[in-house]
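Next comes target36.cif, a file with mmCIF, N, CA and C atoms and all ligand atoms; chains and numbers go by the auth columns.
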data_query
#
loop_
_atom_site.group_PDB
_atom_site.id
_atom_site.type_symbol
_atom_site.label_atom_id
_atom_site.label_comp_id
_atom_site.label_asym_id
_atom_site.label_seq_id
_atom_site.Cartn_x
_atom_site.Cartn_y
_atom_site.Cartn_z
_atom_site.B_iso_or_equiv
_atom_site.auth_seq_id
_atom_site.auth_asym_id
ATOM 1 N N MET A 1 0.845 -1.193 0.000 0.00 1 A
ATOM 2 C CA MET A 1 0.000 0.000 0.000 0.00 1 A
ATOM 3 C C MET A 1 0.876 1.235 0.000 0.00 1 A
ATOM 4 N N TYR A 2 0.638 2.104 -0.932 0.00 2 A
ATOM 5 C CA TYR A 2 1.453 3.305 -1.061 0.00 2 A
ATOM 6 C C TYR A 2 0.806 4.467 -0.315 0.00 2 A
ATOM 7 N N THR A 3 1.527 5.005 0.656 0.00 3 A
ATOM 8 C CA THR A 3 0.958 6.097 1.438 0.00 3 A
ATOM 9 C C THR A 3 1.913 7.282 1.473 0.00 3 A
ATOM 10 N N GLY A 4 2.705 7.407 0.397 0.00 4 A
ATOM 11 C CA GLY A 4 3.782 8.381 0.391 0.00 4 A
ATOM 12 C C GLY A 4 3.379 9.806 0.706 0.00 4 A
ATOM 13 N N ASN A 5 2.270 10.241 0.193 0.00 5 A
ATOM 14 C CA ASN A 5 1.900 11.642 0.391 0.00 5 A
ATOM 15 C C ASN A 5 0.766 11.827 1.395 0.00 5 A
ATOM 16 N N VAL A 6 0.454 10.760 2.071 0.00 6 A
ATOM 17 C CA VAL A 6 -0.607 10.864 3.074 0.00 6 A
ATOM 18 C C VAL A 6 -0.045 11.481 4.344 0.00 6 A
ATOM 19 N N ARG A 7 -0.707 12.458 4.851 0.00 7 A
ATOM 20 C CA ARG A 7 -0.265 13.077 6.090 0.00 7 A
ATOM 21 C C ARG A 7 -0.669 12.196 7.274 0.00 7 A
ATOM 22 N N ASP A 8 0.292 11.941 8.127 0.00 8 A
ATOM 23 C CA ASP A 8 0.038 11.057 9.256 0.00 8 A
ATOM 24 C C ASP A 8 0.704 11.666 10.496 0.00 8 A
ATOM 25 N N LEU A 9 0.043 12.612 11.069 0.00 9 A
ATOM 26 C CA LEU A 9 0.619 13.331 12.195 0.00 9 A
ATOM 27 C C LEU A 9 0.878 12.404 13.377 0.00 9 A
ATOM 28 N N GLU A 10 -0.055 11.512 13.621 0.00 10 A
ATOM 29 C CA GLU A 10 0.083 10.580 14.737 0.00 10 A
ATOM 30 C C GLU A 10 1.325 9.708 14.585 0.00 10 A
ATOM 31 N N GLY A 11 1.517 9.168 13.384 0.00 11 A
ATOM 32 C CA GLY A 11 2.629 8.257 13.145 0.00 11 A
ATOM 33 C C GLY A 11 3.980 8.940 13.178 0.00 11 A
ATOM 34 N N GLY A 12 3.999 10.256 13.030 0.00 12 A
ATOM 35 C CA GLY A 12 5.268 10.961 13.027 0.00 12 A
ATOM 36 C C GLY A 12 5.600 11.591 14.364 0.00 12 A
ATOM 37 N N THR A 13 4.894 11.194 15.372 0.00 13 A
ATOM 38 C CA THR A 13 5.084 11.825 16.672 0.00 13 A
ATOM 39 C C THR A 13 5.830 10.901 17.623 0.00 13 A
ATOM 40 N N THR A 14 6.841 11.443 18.295 0.00 14 A
ATOM 41 C CA THR A 14 7.565 10.678 19.296 0.00 14 A
ATOM 42 C C THR A 14 7.079 11.088 20.683 0.00 14 A
ATOM 43 N N VAL A 15 6.702 10.082 21.453 0.00 15 A
ATOM 44 C CA VAL A 15 6.140 10.344 22.780 0.00 15 A
ATOM 45 C C VAL A 15 7.088 9.811 23.838 0.00 15 A
ATOM 46 N N CYS A 16 7.274 10.547 24.923 0.00 16 A
ATOM 47 C CA CYS A 16 8.100 10.101 26.027 0.00 16 A
ATOM 48 C C CYS A 16 7.544 8.793 26.590 0.00 16 A
ATOM 49 N N PRO A 17 8.413 7.787 26.754 0.00 17 A
ATOM 50 C CA PRO A 17 7.939 6.493 27.257 0.00 17 A
ATOM 51 C C PRO A 17 7.535 6.542 28.728 0.00 17 A
ATOM 52 N N SER A 18 7.928 7.577 29.402 0.00 18 A
ATOM 53 C CA SER A 18 7.646 7.664 30.833 0.00 18 A
ATOM 54 C C SER A 18 6.388 8.479 31.136 0.00 18 A
ATOM 55 N N CYS A 19 6.362 9.732 30.674 0.00 19 A
ATOM 56 C CA CYS A 19 5.254 10.615 31.055 0.00 19 A
ATOM 57 C C CYS A 19 4.279 10.840 29.904 0.00 19 A
ATOM 58 N N ARG A 20 4.580 10.269 28.724 0.00 20 A
ATOM 59 C CA ARG A 20 3.706 10.363 27.551 0.00 20 A
ATOM 60 C C ARG A 20 3.625 11.776 26.980 0.00 20 A
ATOM 61 N N GLU A 21 4.514 12.635 27.409 0.00 21 A
ATOM 62 C CA GLU A 21 4.582 13.956 26.804 0.00 21 A
ATOM 63 C C GLU A 21 5.021 13.807 25.352 0.00 21 A
ATOM 64 N N VAL A 22 4.420 14.581 24.466 0.00 22 A
ATOM 65 C CA VAL A 22 4.869 14.580 23.084 0.00 22 A
ATOM 66 C C VAL A 22 6.215 15.288 23.005 0.00 22 A
ATOM 67 N N CYS A 23 7.249 14.527 22.610 0.00 23 A
ATOM 68 C CA CYS A 23 8.601 15.082 22.584 0.00 23 A
ATOM 69 C C CYS A 23 8.948 15.639 21.205 0.00 23 A
ATOM 70 N N ILE A 24 8.595 14.903 20.160 0.00 24 A
ATOM 71 C CA ILE A 24 8.854 15.372 18.806 0.00 24 A
ATOM 72 C C ILE A 24 7.577 15.190 17.993 0.00 24 A
ATOM 73 N N ALA A 25 7.023 16.284 17.532 0.00 25 A
ATOM 74 C CA ALA A 25 5.837 16.225 16.688 0.00 25 A
ATOM 75 C C ALA A 25 6.240 16.582 15.266 0.00 25 A
ATOM 76 N N ARG A 26 5.923 15.711 14.330 0.00 26 A
ATOM 77 C CA ARG A 26 6.286 15.932 12.932 0.00 26 A
ATOM 78 C C ARG A 26 5.051 15.913 12.049 0.00 26 A
ATOM 79 N N ASP A 27 5.141 16.688 11.004 0.00 27 A
ATOM 80 C CA ASP A 27 4.136 16.604 9.957 0.00 27 A
ATOM 81 C C ASP A 27 4.903 16.564 8.650 0.00 27 A
ATOM 82 N N GLY A 28 5.115 15.376 8.143 0.00 28 A
ATOM 83 C CA GLY A 28 5.966 15.244 6.970 0.00 28 A
ATOM 84 C C GLY A 28 7.398 15.604 7.338 0.00 28 A
ATOM 85 N N TYR A 29 7.976 16.526 6.610 0.00 29 A
ATOM 86 C CA TYR A 29 9.356 16.919 6.866 0.00 29 A
ATOM 87 C C TYR A 29 9.444 18.031 7.908 0.00 29 A
ATOM 88 N N GLN A 30 8.320 18.593 8.247 0.00 30 A
ATOM 89 C CA GLN A 30 8.323 19.746 9.140 0.00 30 A
ATOM 90 C C GLN A 30 8.258 19.319 10.603 0.00 30 A
ATOM 91 N N ILE A 31 9.143 19.890 11.396 0.00 31 A
ATOM 92 C CA ILE A 31 9.111 19.636 12.831 0.00 31 A
ATOM 93 C C ILE A 31 8.179 20.657 13.479 0.00 31 A
ATOM 94 N N LEU A 32 7.129 20.166 14.081 0.00 32 A
ATOM 95 C CA LEU A 32 6.162 21.072 14.690 0.00 32 A
ATOM 96 C C LEU A 32 6.532 21.397 16.125 0.00 32 A
ATOM 97 N N ASP A 33 7.162 20.442 16.778 0.00 33 A
ATOM 98 C CA ASP A 33 7.492 20.654 18.176 0.00 33 A
ATOM 99 C C ASP A 33 8.661 19.754 18.541 0.00 33 A
ATOM 100 N N TYR A 34 9.561 20.237 19.377 0.00 34 A
ATOM 101 C CA TYR A 34 10.714 19.454 19.783 0.00 34 A
ATOM 102 C C TYR A 34 10.994 19.751 21.237 0.00 34 A
ATOM 103 N N ARG A 35 10.772 18.758 22.079 0.00 35 A
ATOM 104 C CA ARG A 35 10.881 18.988 23.522 0.00 35 A
ATOM 105 C C ARG A 35 11.849 18.029 24.186 0.00 35 A
ATOM 106 N N LEU A 36 13.010 17.856 23.550 0.00 36 A
ATOM 107 C CA LEU A 36 14.075 17.090 24.178 0.00 36 A
ATOM 108 C C LEU A 36 15.231 18.037 24.458 0.00 36 A
ATOM 109 N N ASP A 37 15.954 17.778 25.552 0.00 37 A
ATOM 110 C CA ASP A 37 17.114 18.621 25.814 0.00 37 A
ATOM 111 C C ASP A 37 18.302 18.143 24.971 0.00 37 A
ATOM 112 N N ALA A 38 19.465 18.741 25.174 0.00 38 A
ATOM 113 C CA ALA A 38 20.608 18.465 24.301 0.00 38 A
ATOM 114 C C ALA A 38 21.056 17.013 24.383 0.00 38 A
ATOM 115 N N SER A 39 20.771 16.323 25.470 0.00 39 A
ATOM 116 C CA SER A 39 21.175 14.912 25.566 0.00 39 A
ATOM 117 C C SER A 39 20.020 13.965 25.288 0.00 39 A
ATOM 118 N N GLY A 40 18.949 14.472 24.696 0.00 40 A
ATOM 119 C CA GLY A 40 17.877 13.597 24.270 0.00 40 A
ATOM 120 C C GLY A 40 16.940 13.186 25.388 0.00 40 A
ATOM 121 N N ARG A 41 16.885 13.974 26.433 0.00 41 A
ATOM 122 C CA ARG A 41 15.993 13.647 27.548 0.00 41 A
ATOM 123 C C ARG A 41 14.736 14.501 27.493 0.00 41 A
ATOM 124 N N CYS A 42 13.661 13.902 27.943 0.00 42 A
ATOM 125 C CA CYS A 42 12.381 14.593 28.017 0.00 42 A
ATOM 126 C C CYS A 42 12.518 15.827 28.896 0.00 42 A
ATOM 127 N N LYS A 43 12.075 16.971 28.379 0.00 43 A
ATOM 128 C CA LYS A 43 12.201 18.198 29.159 0.00 43 A
ATOM 129 C C LYS A 43 11.217 18.245 30.311 0.00 43 A
ATOM 130 N N ARG A 44 10.218 17.383 30.261 0.00 44 A
ATOM 131 C CA ARG A 44 9.208 17.395 31.322 0.00 44 A
ATOM 132 C C ARG A 44 9.649 16.542 32.508 0.00 44 A
ATOM 133 N N CYS A 45 10.073 15.296 32.256 0.00 45 A
ATOM 134 C CA CYS A 45 10.372 14.389 33.364 0.00 45 A
ATOM 135 C C CYS A 45 11.844 13.995 33.414 0.00 45 A
ATOM 136 N N GLY A 46 12.622 14.322 32.391 0.00 46 A
ATOM 137 C CA GLY A 46 14.055 14.080 32.417 0.00 46 A
ATOM 138 C C GLY A 46 14.481 12.682 32.020 0.00 46 A
ATOM 139 N N VAL A 47 13.534 11.861 31.602 0.00 47 A
ATOM 140 C CA VAL A 47 13.860 10.501 31.201 0.00 47 A
ATOM 141 C C VAL A 47 14.494 10.519 29.807 0.00 47 A
ATOM 142 N N ALA A 48 15.478 9.648 29.581 0.00 48 A
ATOM 143 C CA ALA A 48 16.093 9.548 28.267 0.00 48 A
ATOM 144 C C ALA A 48 15.101 8.907 27.308 0.00 48 A
ATOM 145 N N VAL A 49 14.832 9.590 26.212 0.00 49 A
ATOM 146 C CA VAL A 49 13.887 9.073 25.228 0.00 49 A
ATOM 147 C C VAL A 49 14.659 8.232 24.223 0.00 49 A
ATOM 148 N N ALA A 50 14.472 6.936 24.289 0.00 50 A
ATOM 149 C CA ALA A 50 15.179 6.013 23.409 0.00 50 A
ATOM 150 C C ALA A 50 14.585 6.044 22.012 0.00 50 A
ATOM 151 N N GLY A 51 15.305 5.438 21.082 0.00 51 A
ATOM 152 C CA GLY A 51 14.780 5.387 19.733 0.00 51 A
ATOM 153 C C GLY A 51 15.859 5.583 18.713 0.00 51 A
ATOM 154 N N ARG A 52 15.442 5.700 17.488 0.00 52 A
ATOM 155 C CA ARG A 52 16.415 5.775 16.409 0.00 52 A
ATOM 156 C C ARG A 52 17.170 7.091 16.408 0.00 52 A
ATOM 157 N N TYR A 53 16.781 8.026 17.249 0.00 53 A
ATOM 158 C CA TYR A 53 17.449 9.317 17.278 0.00 53 A
ATOM 159 C C TYR A 53 18.561 9.371 18.312 0.00 53 A
ATOM 160 N N ALA A 54 18.646 8.329 19.138 0.00 54 A
ATOM 161 C CA ALA A 54 19.574 8.358 20.261 0.00 54 A
ATOM 162 C C ALA A 54 21.008 8.612 19.811 0.00 54 A
ATOM 163 N N GLU A 55 21.402 8.001 18.700 0.00 55 A
ATOM 164 C CA GLU A 55 22.787 8.119 18.265 0.00 55 A
ATOM 165 C C GLU A 55 23.120 9.517 17.766 0.00 55 A
ATOM 166 N N GLU A 56 22.112 10.185 17.228 0.00 56 A
ATOM 167 C CA GLU A 56 22.378 11.486 16.620 0.00 56 A
ATOM 168 C C GLU A 56 22.204 12.646 17.592 0.00 56 A
ATOM 169 N N VAL A 57 21.658 12.380 18.741 0.00 57 A
ATOM 170 C CA VAL A 57 21.298 13.466 19.641 0.00 57 A
ATOM 171 C C VAL A 57 22.514 14.271 20.085 0.00 57 A
ATOM 172 N N ASP A 58 23.666 13.586 20.241 0.00 58 A
ATOM 173 C CA ASP A 58 24.849 14.292 20.715 0.00 58 A
ATOM 174 C C ASP A 58 25.275 15.428 19.789 0.00 58 A
ATOM 175 N N SER A 59 24.992 15.273 18.506 0.00 59 A
ATOM 176 C CA SER A 59 25.405 16.299 17.562 0.00 59 A
ATOM 177 C C SER A 59 24.241 17.190 17.137 0.00 59 A
ATOM 178 N N PHE A 60 23.138 17.034 17.797 0.00 60 A
ATOM 179 C CA PHE A 60 21.972 17.847 17.456 0.00 60 A
ATOM 180 C C PHE A 60 22.280 19.313 17.724 0.00 60 A
ATOM 181 N N ASP A 61 22.087 20.140 16.731 0.00 61 A
ATOM 182 C CA ASP A 61 22.469 21.541 16.885 0.00 61 A
ATOM 183 C C ASP A 61 21.264 22.466 16.994 0.00 61 A
ATOM 184 N N GLY A 62 20.083 21.906 17.089 0.00 62 A
ATOM 185 C CA GLY A 62 18.904 22.730 17.260 0.00 62 A
ATOM 186 C C GLY A 62 18.278 23.177 15.958 0.00 62 A
ATOM 187 N N ARG A 63 18.935 22.899 14.857 0.00 63 A
ATOM 188 C CA ARG A 63 18.376 23.319 13.574 0.00 63 A
ATOM 189 C C ARG A 63 18.099 22.129 12.665 0.00 63 A
ATOM 190 N N ARG A 64 18.927 21.090 12.749 0.00 64 A
ATOM 191 C CA ARG A 64 18.740 19.950 11.871 0.00 64 A
ATOM 192 C C ARG A 64 18.414 18.710 12.702 0.00 64 A
ATOM 193 N N ILE A 65 17.346 18.033 12.331 0.00 65 A
ATOM 194 C CA ILE A 65 16.937 16.831 13.036 0.00 65 A
ATOM 195 C C ILE A 65 16.857 15.700 12.025 0.00 65 A
ATOM 196 N N PRO A 66 17.580 14.606 12.286 0.00 66 A
ATOM 197 C CA PRO A 66 17.502 13.470 11.357 0.00 66 A
ATOM 198 C C PRO A 66 16.099 12.863 11.350 0.00 66 A
ATOM 199 N N VAL A 67 15.575 12.682 10.154 0.00 67 A
ATOM 200 C CA VAL A 67 14.252 12.105 10.017 0.00 67 A
ATOM 201 C C VAL A 67 14.368 10.891 9.096 0.00 67 A
ATOM 202 N N VAL A 68 13.918 9.750 9.611 0.00 68 A
ATOM 203 C CA VAL A 68 13.962 8.540 8.815 0.00 68 A
ATOM 204 C C VAL A 68 12.579 8.319 8.213 0.00 68 A
ATOM 205 N N ILE A 69 12.528 8.287 6.891 0.00 69 A
ATOM 206 C CA ILE A 69 11.257 8.071 6.207 0.00 69 A
ATOM 207 C C ILE A 69 11.123 6.594 5.840 0.00 69 A
ATOM 208 N N GLY A 70 9.973 6.056 6.116 0.00 70 A
ATOM 209 C CA GLY A 70 9.736 4.658 5.762 0.00 70 A
ATOM 210 C C GLY A 70 10.045 3.806 6.875 0.00 70 A
HETATM 211 ZN ZN ZN B . 8.794 12.522 29.982 0.00 101 B
#
When written as structure tokens, how does the structure in this file appear?
Amino acid sequence: MYTGNVRDLEGGTTVCPSCREVCIARDGYQILDYRLDASGRCKRCGVAVAGRYAEEVDSFDGRRIPVVIG
């Protein structure tokens, strides 16, 4: 099933595993919200948010966020 251009806000959202705060909200390529600190921890409860972004968080400069499509 091809869903390339379908907007899926829910599927592009990263939620803190501890407090369920929305940490990264995406809509396609656009970052709508980003609530992790420089070491990838939830700004609300301080828990490290695991996931495919963990490796890149150390070099996160606040402007570019790696997004894996598919
Ligand atoms: Zn949290």
On this file, the PyMOL selection byres (((not hetatm) and name CA) within 10 of (chain B and resi 101)) gives some set of residues; write that set as an mmCIF file with N, CA and C atoms, in the coordinates of the input.
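Dumped to expr.cif:
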data_model
loop_
_atom_site.group_PDB
_atom_site.id
_atom_site.type_symbol
_atom_site.label_atom_id
_atom_site.label_comp_id
_atom_site.auth_asym_id
_atom_site.auth_seq_id
_atom_site.Cartn_x
_atom_site.Cartn_y
_atom_site.Cartn_z
ATOM 1 N N VAL A 15 6.702 10.082 21.453
ATOM 2 C CA VAL A 15 6.140 10.344 22.780
ATOM 3 C C VAL A 15 7.088 9.811 23.838
ATOM 4 N N CYS A 16 7.274 10.547 24.923
ATOM 5 C CA CYS A 16 8.100 10.101 26.027
ATOM 6 C C CYS A 16 7.544 8.793 26.590
ATOM 7 N N PRO A 17 8.413 7.787 26.754
ATOM 8 C CA PRO A 17 7.939 6.493 27.257
ATOM 9 C C PRO A 17 7.535 6.542 28.728
ATOM 10 N N SER A 18 7.928 7.577 29.402
ATOM 11 C CA SER A 18 7.646 7.664 30.833
ATOM 12 C C SER A 18 6.388 8.479 31.136
ATOM 13 N N CYS A 19 6.362 9.732 30.674
ATOM 14 C CA CYS A 19 5.254 10.615 31.055
ATOM 15 C C CYS A 19 4.279 10.840 29.904
ATOM 16 N N ARG A 20 4.580 10.269 28.724
ATOM 17 C CA ARG A 20 3.706 10.363 27.551
ATOM 18 C C ARG A 20 3.625 11.776 26.980
ATOM 19 N N GLU A 21 4.514 12.635 27.409
ATOM 20 C CA GLU A 21 4.582 13.956 26.804
ATOM 21 C C GLU A 21 5.021 13.807 25.352
ATOM 22 N N VAL A 22 4.420 14.581 24.466
ATOM 23 C CA VAL A 22 4.869 14.580 23.084
ATOM 24 C C VAL A 22 6.215 15.288 23.005
ATOM 25 N N CYS A 23 7.249 14.527 22.610
ATOM 26 C CA CYS A 23 8.601 15.082 22.584
ATOM 27 C C CYS A 23 8.948 15.639 21.205
ATOM 28 N N ARG A 35 10.772 18.758 22.079
ATOM 29 C CA ARG A 35 10.881 18.988 23.522
ATOM 30 C C ARG A 35 11.849 18.029 24.186
ATOM 31 N N LEU A 36 13.010 17.856 23.550
ATOM 32 C CA LEU A 36 14.075 17.090 24.178
ATOM 33 C C LEU A 36 15.231 18.037 24.458
ATOM 34 N N ARG A 41 16.885 13.974 26.433
ATOM 35 C CA ARG A 41 15.993 13.647 27.548
ATOM 36 C C ARG A 41 14.736 14.501 27.493
ATOM 37 N N CYS A 42 13.661 13.902 27.943
ATOM 38 C CA CYS A 42 12.381 14.593 28.017
ATOM 39 C C CYS A 42 12.518 15.827 28.896
ATOM 40 N N LYS A 43 12.075 16.971 28.379
ATOM 41 C CA LYS A 43 12.201 18.198 29.159
ATOM 42 C C LYS A 43 11.217 18.245 30.311
ATOM 43 N N ARG A 44 10.218 17.383 30.261
ATOM 44 C CA ARG A 44 9.208 17.395 31.322
ATOM 45 C C ARG A 44 9.649 16.542 32.508
ATOM 46 N N CYS A 45 10.073 15.296 32.256
ATOM 47 C CA CYS A 45 10.372 14.389 33.364
ATOM 48 C C CYS A 45 11.844 13.995 33.414
ATOM 49 N N GLY A 46 12.622 14.322 32.391
ATOM 50 C CA GLY A 46 14.055 14.080 32.417
ATOM 51 C C GLY A 46 14.481 12.682 32.020
ATOM 52 N N VAL A 47 13.534 11.861 31.602
ATOM 53 C CA VAL A 47 13.860 10.501 31.201
ATOM 54 C C VAL A 47 14.494 10.519 29.807
ATOM 55 N N ALA A 48 15.478 9.648 29.581
ATOM 56 C CA ALA A 48 16.093 9.548 28.267
ATOM 57 C C ALA A 48 15.101 8.907 27.308
ATOM 58 N N VAL A 49 14.832 9.590 26.212
ATOM 59 C CA VAL A 49 13.887 9.073 25.228
ATOM 60 C C VAL A 49 14.659 8.232 24.223
#
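Between atom N of Thr13 of chain A and atom CA of Ala38 of chain A lies a distance of 19.5 Å.
Separating atom CA of Asp37 of chain A from atom C of Gly70 of chain A is a distance of 25.1 Å.
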Checklist entry - Excluding same-chain residues fewer than 4 positions from Gly12 of chain A, what lies within 6.5 Å of it counting all atoms listed in the file, as number ranges by chain? => result A: 8, 24-27
How big is the axis-aligned box around all listed atoms of segment 18-31 of chain A once 5 Å goes on each side, and where's its centre, in Å to one decimal, as lines of an AutoDock Vina configuration file?
center_x = 6.5
center_y = 14.1
center_z = 18.9
size_x = 15.8
size_y = 23.1
size_z = 34.5
Item to check | Computed interatomic separation between atom C of Val68 of chain A and atom C of Ser39 of chain A (Å) | outcome: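 A separation of 19.5 Å between them.
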